[in-house]
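Trainee: Have a look at this one before I ask anything.
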Amino acid sequence: MKKLRFILLAFFISASIAAQKHIEKEPSILFTKELSYAPPSAANLDSTYLHTKVDNIITNGIKKEAFPGAQILVAKEGNIIFHKAYGFHTYDSLQPVGLNDLYDMASVTKIVGALPALMKLVDQGRIDLDKPFSSYWTRWKGRKDKENLTLREILAHQAGLVPYIVFLNKVIKKNGKVKKRYVRTRQSPRFNLQAYDGLFVNRRFQRKMFRIIDKSPVSSEKKYRYSGLTFLLYPQLVEKLTQVPYETYLERHFYEPLGMTTTGFRPKTKQLQNRIVPTEQDTLFRHSLTQGWVHDENASLLGGVSGNAGLFSTATDLAKLMQLYMQYGAYGGQRYLSEATVKEFIKVQYPENENRRGLGFDKPSLMNKDLPFSEAYPAPEVGAQSFGHSGFTGTFVWADPENQLVYVFLSNRVYPTRERRNLYTLKIREAVQQVFYQAPLMAE
C-alpha cells in the first residue's frame, strides 16, 4: 500500500512539473479567450465620453466628405466595448452602413492574408528570414540586384525595391480601350482570371507581371522605402512551398478555425448575405462603380487574389485576427503561430536606419509618444510595441499589447474618387483611436 502511495505521489509530482513547464513555455494560450461583447464599463471607461467624442469626429468626417460612412470597433482586454456604424454606403444616403458589412481591405490584406501564411512557414522552418529570398523565389537567382536580398529586408521595406508598378498601363491602349490579347469580355480556358463583371484576364498575364517585377530596378541605397511589390508574388510562393492553393491554405489554417466566416477573396462570386460596401467610381478600367470586386488594379489583373490587396472582411473578423496577434499567436485556447515568430514579426527591424517598420507590419513613428498629434502616427499614446496596417480604400487595423487594445476602422474613403483625401488631412483614424486612450476612468 505504501509502495502504491509512493508511485501515485511520484506520478502527481511528475505531472505537476510537466504542467508547470507547459505553462512556462505557453503562458498566453491558457489565458486567451474568444472575443465577446461588453459595455465600456467592463474596461472601467466612461461610455458617454467615448460615444460623444467618436460621434463628433465621424460626423465631422462625413460632413467634410472624408467618406460617406464608416465603422469603428474597439476591443479592450478581450472584450468588444465599442462597435458602431455611421453614415451610408454612398452620399445618396440610400444604404446605411451596417455592422456586418463587407469592406475592401486594400493593403490590410498584407497582414490578414500573406503575412499569417508566411509566419506559419517560418514557424515550420520552410522559410528562413535571413536567407536570400531567391532561395525560395528562384526566378531571382542570377539577378545581381535581387538574388541576395533577404526576406527580412524585403518585409521591412529595407530592400530598395520600387514601391509600385502600374500594370494597368500594359493593358489599356492610349484610346482607353483594353488590349484584347490581355483582357476579354467573355470567359474561356485562356481568359479565366475574372477581374470584374464581364472582364476576364489572360492567365499568361501573371507571367508578364512577374517578368516586369524581375526586371524592376533596385536601389543600392538601403533605407526605408515602402514597397508592396513582392506581395504580388507570395500567393504563388505559398502554393509552391505547401502544395496547397493559397486561398485554401488561409481558410484551412486561419479563417475557418478562427470563425472568420466572411473573410475572403472575390465575394461577388460567393453566396454571402453580407452587403458589400462600394469603393471607387472607376473611369479607366471597369467603367462603373466598383463593388464586390477588388479596387486595386494589380490585384484585379491577378483575378482578385493577391497578397497586396483583394481580401474583403468585416470588423469582427478582423478583430479576431488582431487579437490573435496581440496575444502572440494564440486565440480561443488554441495556438496558431509561435509566440517567438509573432514577436519577431511585430518588432522594429531597422531603427538605426530610421525605419519604423516590423516584418510586414506597420509600427508607430519612432519616438512617437514625444511627437505632437499633428506629426504622430498613429495616435501618440499607442504603445511602442503596437502594430497594424492601413489600406488605401480607407481601412485601418491596430493592436496594442501594452494596453490590450484592438482598434478597427473601416471606411470607403475612395468613393466616389481616390482624390478624396480628407481622411488623411483631418487625421480621422488617429483622432478616433486617441479617444480610447484619453477616455476618463469611471468613478469608483
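Just so we're on the same page: first chain in the C-alpha cells is A, next is B, and so on; residues restart at 1 for each chain, and ligands are numbered from 1 in the order they show up.
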Looking only at helix (DSSP H, G or I) from DSSP on the backbone, list the matching residues of region 73-268 of chain A as a VMD selection string.

Mentor: chain A and resid 106 to 123 133 to 135 138 to 140 151 to 155 167 to 170 205 to 215 229 to 232 234 to 242 246 to 258 267 to 268

Trainee: Find the residues around Pro96 (chain A) up to 9 Å (only C-alpha atoms counted), leave out those fewer than 4 positions away in its own chain, and share them as a PDB file with N, CA, C and O atoms, in the first residue's frame.

Mentor:
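Written out: out35.pdb:
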```pdb
ATOM      1  N   GLY A  69     -19.474  56.930 -45.177  1.00  0.00           N
ATOM      2  CA  GLY A  69     -19.820  56.177 -43.987  1.00  0.00           C
ATOM      3  C   GLY A  69     -18.585  55.488 -43.428  1.00  0.00           C
ATOM      4  O   GLY A  69     -17.557  55.389 -44.089  1.00  0.00           O
ATOM      5  N   ALA A  85     -21.648  51.761 -36.346  1.00  0.00           N
ATOM      6  CA  ALA A  85     -21.639  52.121 -37.763  1.00  0.00           C
ATOM      7  C   ALA A  85     -22.198  53.526 -37.941  1.00  0.00           C
ATOM      8  O   ALA A  85     -23.099  53.947 -37.210  1.00  0.00           O
ATOM      9  N   TYR A  86     -21.650  54.231 -38.930  1.00  0.00           N
ATOM     10  CA  TYR A  86     -22.038  55.624 -39.187  1.00  0.00           C
ATOM     11  C   TYR A  86     -22.278  55.830 -40.678  1.00  0.00           C
ATOM     12  O   TYR A  86     -21.576  55.270 -41.523  1.00  0.00           O
ATOM     13  N   GLY A  87     -23.231  56.688 -41.010  1.00  0.00           N
ATOM     14  CA  GLY A  87     -23.400  57.136 -42.382  1.00  0.00           C
ATOM     15  C   GLY A  87     -23.954  56.076 -43.314  1.00  0.00           C
ATOM     16  O   GLY A  87     -24.637  55.127 -42.901  1.00  0.00           O
ATOM     17  N   PHE A  88     -23.606  56.241 -44.601  1.00  0.00           N
ATOM     18  CA  PHE A  88     -24.177  55.420 -45.666  1.00  0.00           C
ATOM     19  C   PHE A  88     -23.081  54.889 -46.587  1.00  0.00           C
ATOM     20  O   PHE A  88     -21.944  55.334 -46.546  1.00  0.00           O
ATOM     21  N   HIS A  89     -23.461  53.946 -47.442  1.00  0.00           N
ATOM     22  CA  HIS A  89     -22.516  53.393 -48.407  1.00  0.00           C
ATOM     23  C   HIS A  89     -22.057  54.448 -49.413  1.00  0.00           C
ATOM     24  O   HIS A  89     -20.908  54.439 -49.861  1.00  0.00           O
ATOM     25  N   THR A  90     -22.968  55.320 -49.791  1.00  0.00           N
ATOM     26  CA  THR A  90     -22.678  56.379 -50.760  1.00  0.00           C
ATOM     27  C   THR A  90     -23.348  57.666 -50.279  1.00  0.00           C
ATOM     28  O   THR A  90     -24.167  57.655 -49.365  1.00  0.00           O
TER      29      THR A  90
END
```

Trainee: Hey, which of A:Tyr91, A:Phe210, A:Trp140, A:Tyr350 ends up closest to Pro416 (chain A)? Count only C-alpha atoms.

Mentor: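 Nearest to Pro416 (chain A): A:Tyr91.
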
Trainee: Need to verify the contact set: Ala66 (chain A), 8 Å, only C-alpha atoms, exclusion of same-chain residues closer than 6 positions in sequence. Can you return it as an NGL selection string?

Mentor: :A and (413 or 420-423)

Trainee: For N, CA and C atoms, I'd like the residues from the last selection saved as a compact mmCIF listing (two decimals), in the first residue's frame.

Mentor:
```txt
# COMPACT_ATOMS: atom_id res chain seq x y z
N ARG A 413 -13.22 55.58 -48.20
CA ARG A 413 -12.84 56.97 -48.46
C ARG A 413 -12.58 57.23 -49.94
N ARG A 420 -10.27 61.99 -52.99
CA ARG A 420 -10.78 62.45 -51.69
C ARG A 420 -9.77 62.06 -50.61
N ARG A 421 -9.12 63.04 -49.98
CA ARG A 421 -8.04 62.75 -49.04
C ARG A 421 -8.26 63.35 -47.64
N ASN A 422 -9.47 63.77 -47.35
CA ASN A 422 -9.72 64.37 -46.03
C ASN A 422 -9.58 63.38 -44.88
N LEU A 423 -9.65 62.08 -45.18
CA LEU A 423 -9.38 61.09 -44.14
C LEU A 423 -7.97 61.29 -43.58
```

Trainee: Which residues of region 196-255 of chain A come within 10 Å of region 143-146 of chain A, and for each one, what is the closest pair of atoms and their distance in Å to one decimal, counting only C-alpha atoms, sorted by chain and residue number, as a Markdown table?

Mentor:
```
| residue | atom | partner | partner_atom | distance |
| --- | --- | --- | --- | --- |
| A:Asp214 | CA | A:Arg143 | CA | 8.1 |
| A:Lys215 | CA | A:Arg143 | CA | 8.6 |
| A:Ser216 | CA | A:Asp145 | CA | 9.5 |
| A:Pro217 | CA | A:Asp145 | CA | 7.8 |
| A:Val218 | CA | A:Asp145 | CA | 6.2 |
| A:Ser219 | CA | A:Asp145 | CA | 8.5 |
| A:Ser220 | CA | A:Asp145 | CA | 8.2 |
```

Trainee: Selection from above, all heavy atoms, as an mmCIF file, in the first residue's frame, can you write it?

Mentor:
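The result, stored in part.cif:
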```
data_model
loop_
_atom_site.group_PDB
_atom_site.id
_atom_site.type_symbol
_atom_site.label_atom_id
_atom_site.label_comp_id
_atom_site.auth_asym_id
_atom_site.auth_seq_id
_atom_site.Cartn_x
_atom_site.Cartn_y
_atom_site.Cartn_z
ATOM 1 N N ASP A 214 10.710 41.078 -62.129
ATOM 2 C CA ASP A 214 12.088 40.573 -62.194
ATOM 3 C C ASP A 214 13.057 41.653 -62.677
ATOM 4 O O ASP A 214 14.178 41.768 -62.180
ATOM 5 C CB ASP A 214 12.184 39.377 -63.154
ATOM 6 C CG ASP A 214 11.446 38.148 -62.649
ATOM 7 O OD1 ASP A 214 11.154 38.091 -61.433
ATOM 8 O OD2 ASP A 214 11.167 37.254 -63.475
ATOM 9 N N LYS A 215 12.603 42.432 -63.658
ATOM 10 C CA LYS A 215 13.482 43.429 -64.283
ATOM 11 C C LYS A 215 13.436 44.792 -63.605
ATOM 12 O O LYS A 215 14.179 45.700 -64.008
ATOM 13 C CB LYS A 215 13.089 43.586 -65.759
ATOM 14 C CG LYS A 215 13.298 42.322 -66.588
ATOM 15 C CD LYS A 215 12.770 42.511 -68.008
ATOM 16 C CE LYS A 215 12.901 41.238 -68.826
ATOM 17 N NZ LYS A 215 12.342 41.413 -70.196
ATOM 18 N N SER A 216 12.570 44.952 -62.622
ATOM 19 C CA SER A 216 12.429 46.255 -61.966
ATOM 20 C C SER A 216 13.717 46.644 -61.244
ATOM 21 O O SER A 216 14.432 45.785 -60.719
ATOM 22 C CB SER A 216 11.265 46.227 -60.978
ATOM 23 O OG SER A 216 11.525 45.298 -59.936
ATOM 24 N N PRO A 217 14.041 47.939 -61.214
ATOM 25 C CA PRO A 217 15.296 48.383 -60.587
ATOM 26 C C PRO A 217 15.263 48.231 -59.076
ATOM 27 O O PRO A 217 14.205 48.238 -58.457
ATOM 28 C CB PRO A 217 15.382 49.855 -60.990
ATOM 29 C CG PRO A 217 13.970 50.272 -61.230
ATOM 30 C CD PRO A 217 13.282 49.065 -61.790
ATOM 31 N N VAL A 218 16.452 48.091 -58.501
ATOM 32 C CA VAL A 218 16.617 48.021 -57.046
ATOM 33 C C VAL A 218 17.604 49.104 -56.639
ATOM 34 O O VAL A 218 18.694 49.207 -57.203
ATOM 35 C CB VAL A 218 17.144 46.641 -56.603
ATOM 36 C CG1 VAL A 218 17.360 46.614 -55.091
ATOM 37 C CG2 VAL A 218 16.197 45.541 -57.029
ATOM 38 N N SER A 219 17.215 49.905 -55.663
ATOM 39 C CA SER A 219 18.096 50.976 -55.202
ATOM 40 C C SER A 219 19.280 50.385 -54.436
ATOM 41 O O SER A 219 19.118 49.455 -53.646
ATOM 42 C CB SER A 219 17.322 51.939 -54.303
ATOM 43 O OG SER A 219 18.198 52.880 -53.724
ATOM 44 N N SER A 220 20.456 50.932 -54.698
ATOM 45 C CA SER A 220 21.649 50.476 -53.968
ATOM 46 C C SER A 220 21.686 51.045 -52.556
ATOM 47 O O SER A 220 22.408 50.547 -51.691
ATOM 48 C CB SER A 220 22.916 50.892 -54.722
ATOM 49 O OG SER A 220 22.937 52.301 -54.896
#
```

Trainee: For CA of Glu77 (chain A) and CA of Tyr437 (chain A), quote the distance in Å rounded to one decimal.

Mentor: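 If I compute the distance from CA of Glu77 (chain A) to CA of Tyr437 (chain A), I get 13.3 Å.
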
Trainee: At a cut-off of 9 Å, using only C-alpha atoms, what residues contact region 354-358 of chain A? Leave out same-chain residues fewer than 5 positions from it and give the result as a VMD selection string.

Mentor: chain A and resid 155 to 158 223 to 225 344 to 349 363 to 366 387

Trainee: For the selection just defined, write its residues with C-alpha atoms to a file, as a short mmCIF file (atom, residue, chain, number, x, y, z; two decimals), in the first residue's frame.

Mentor:
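File produced: again06.cif:
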```
data_model
loop_
_atom_site.label_atom_id
_atom_site.label_comp_id
_atom_site.auth_asym_id
_atom_site.auth_seq_id
_atom_site.Cartn_x
_atom_site.Cartn_y
_atom_site.Cartn_z
CA LEU A 155 9.28 42.60 -45.44
CA ALA A 156 10.76 45.55 -43.52
CA HIS A 157 10.76 47.66 -46.72
CA GLN A 158 14.52 47.95 -46.46
CA LYS A 223 16.89 52.73 -46.43
CA TYR A 224 13.18 52.69 -45.68
CA ARG A 225 11.20 52.68 -48.91
CA GLU A 344 9.85 38.81 -34.26
CA PHE A 345 7.45 39.99 -36.96
CA ILE A 346 5.95 42.82 -34.88
CA LYS A 347 9.37 44.11 -33.78
CA VAL A 348 11.03 47.16 -35.36
CA GLN A 349 13.76 45.73 -37.58
CA LYS A 363 4.64 50.38 -36.44
CA PRO A 364 4.34 53.74 -34.67
CA SER A 365 6.64 56.53 -35.78
CA LEU A 366 9.97 56.35 -33.99
CA PHE A 387 1.46 47.36 -34.71
#
```

Trainee: Which of these, A:Ala117, A:Gly304, A:Phe409, A:Val97, has the shortest distance to Val244 (chain A) once you count only C-alpha atoms?

Mentor: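 Among the listed residues, A:Ala117 lies closest to Val244 (chain A).
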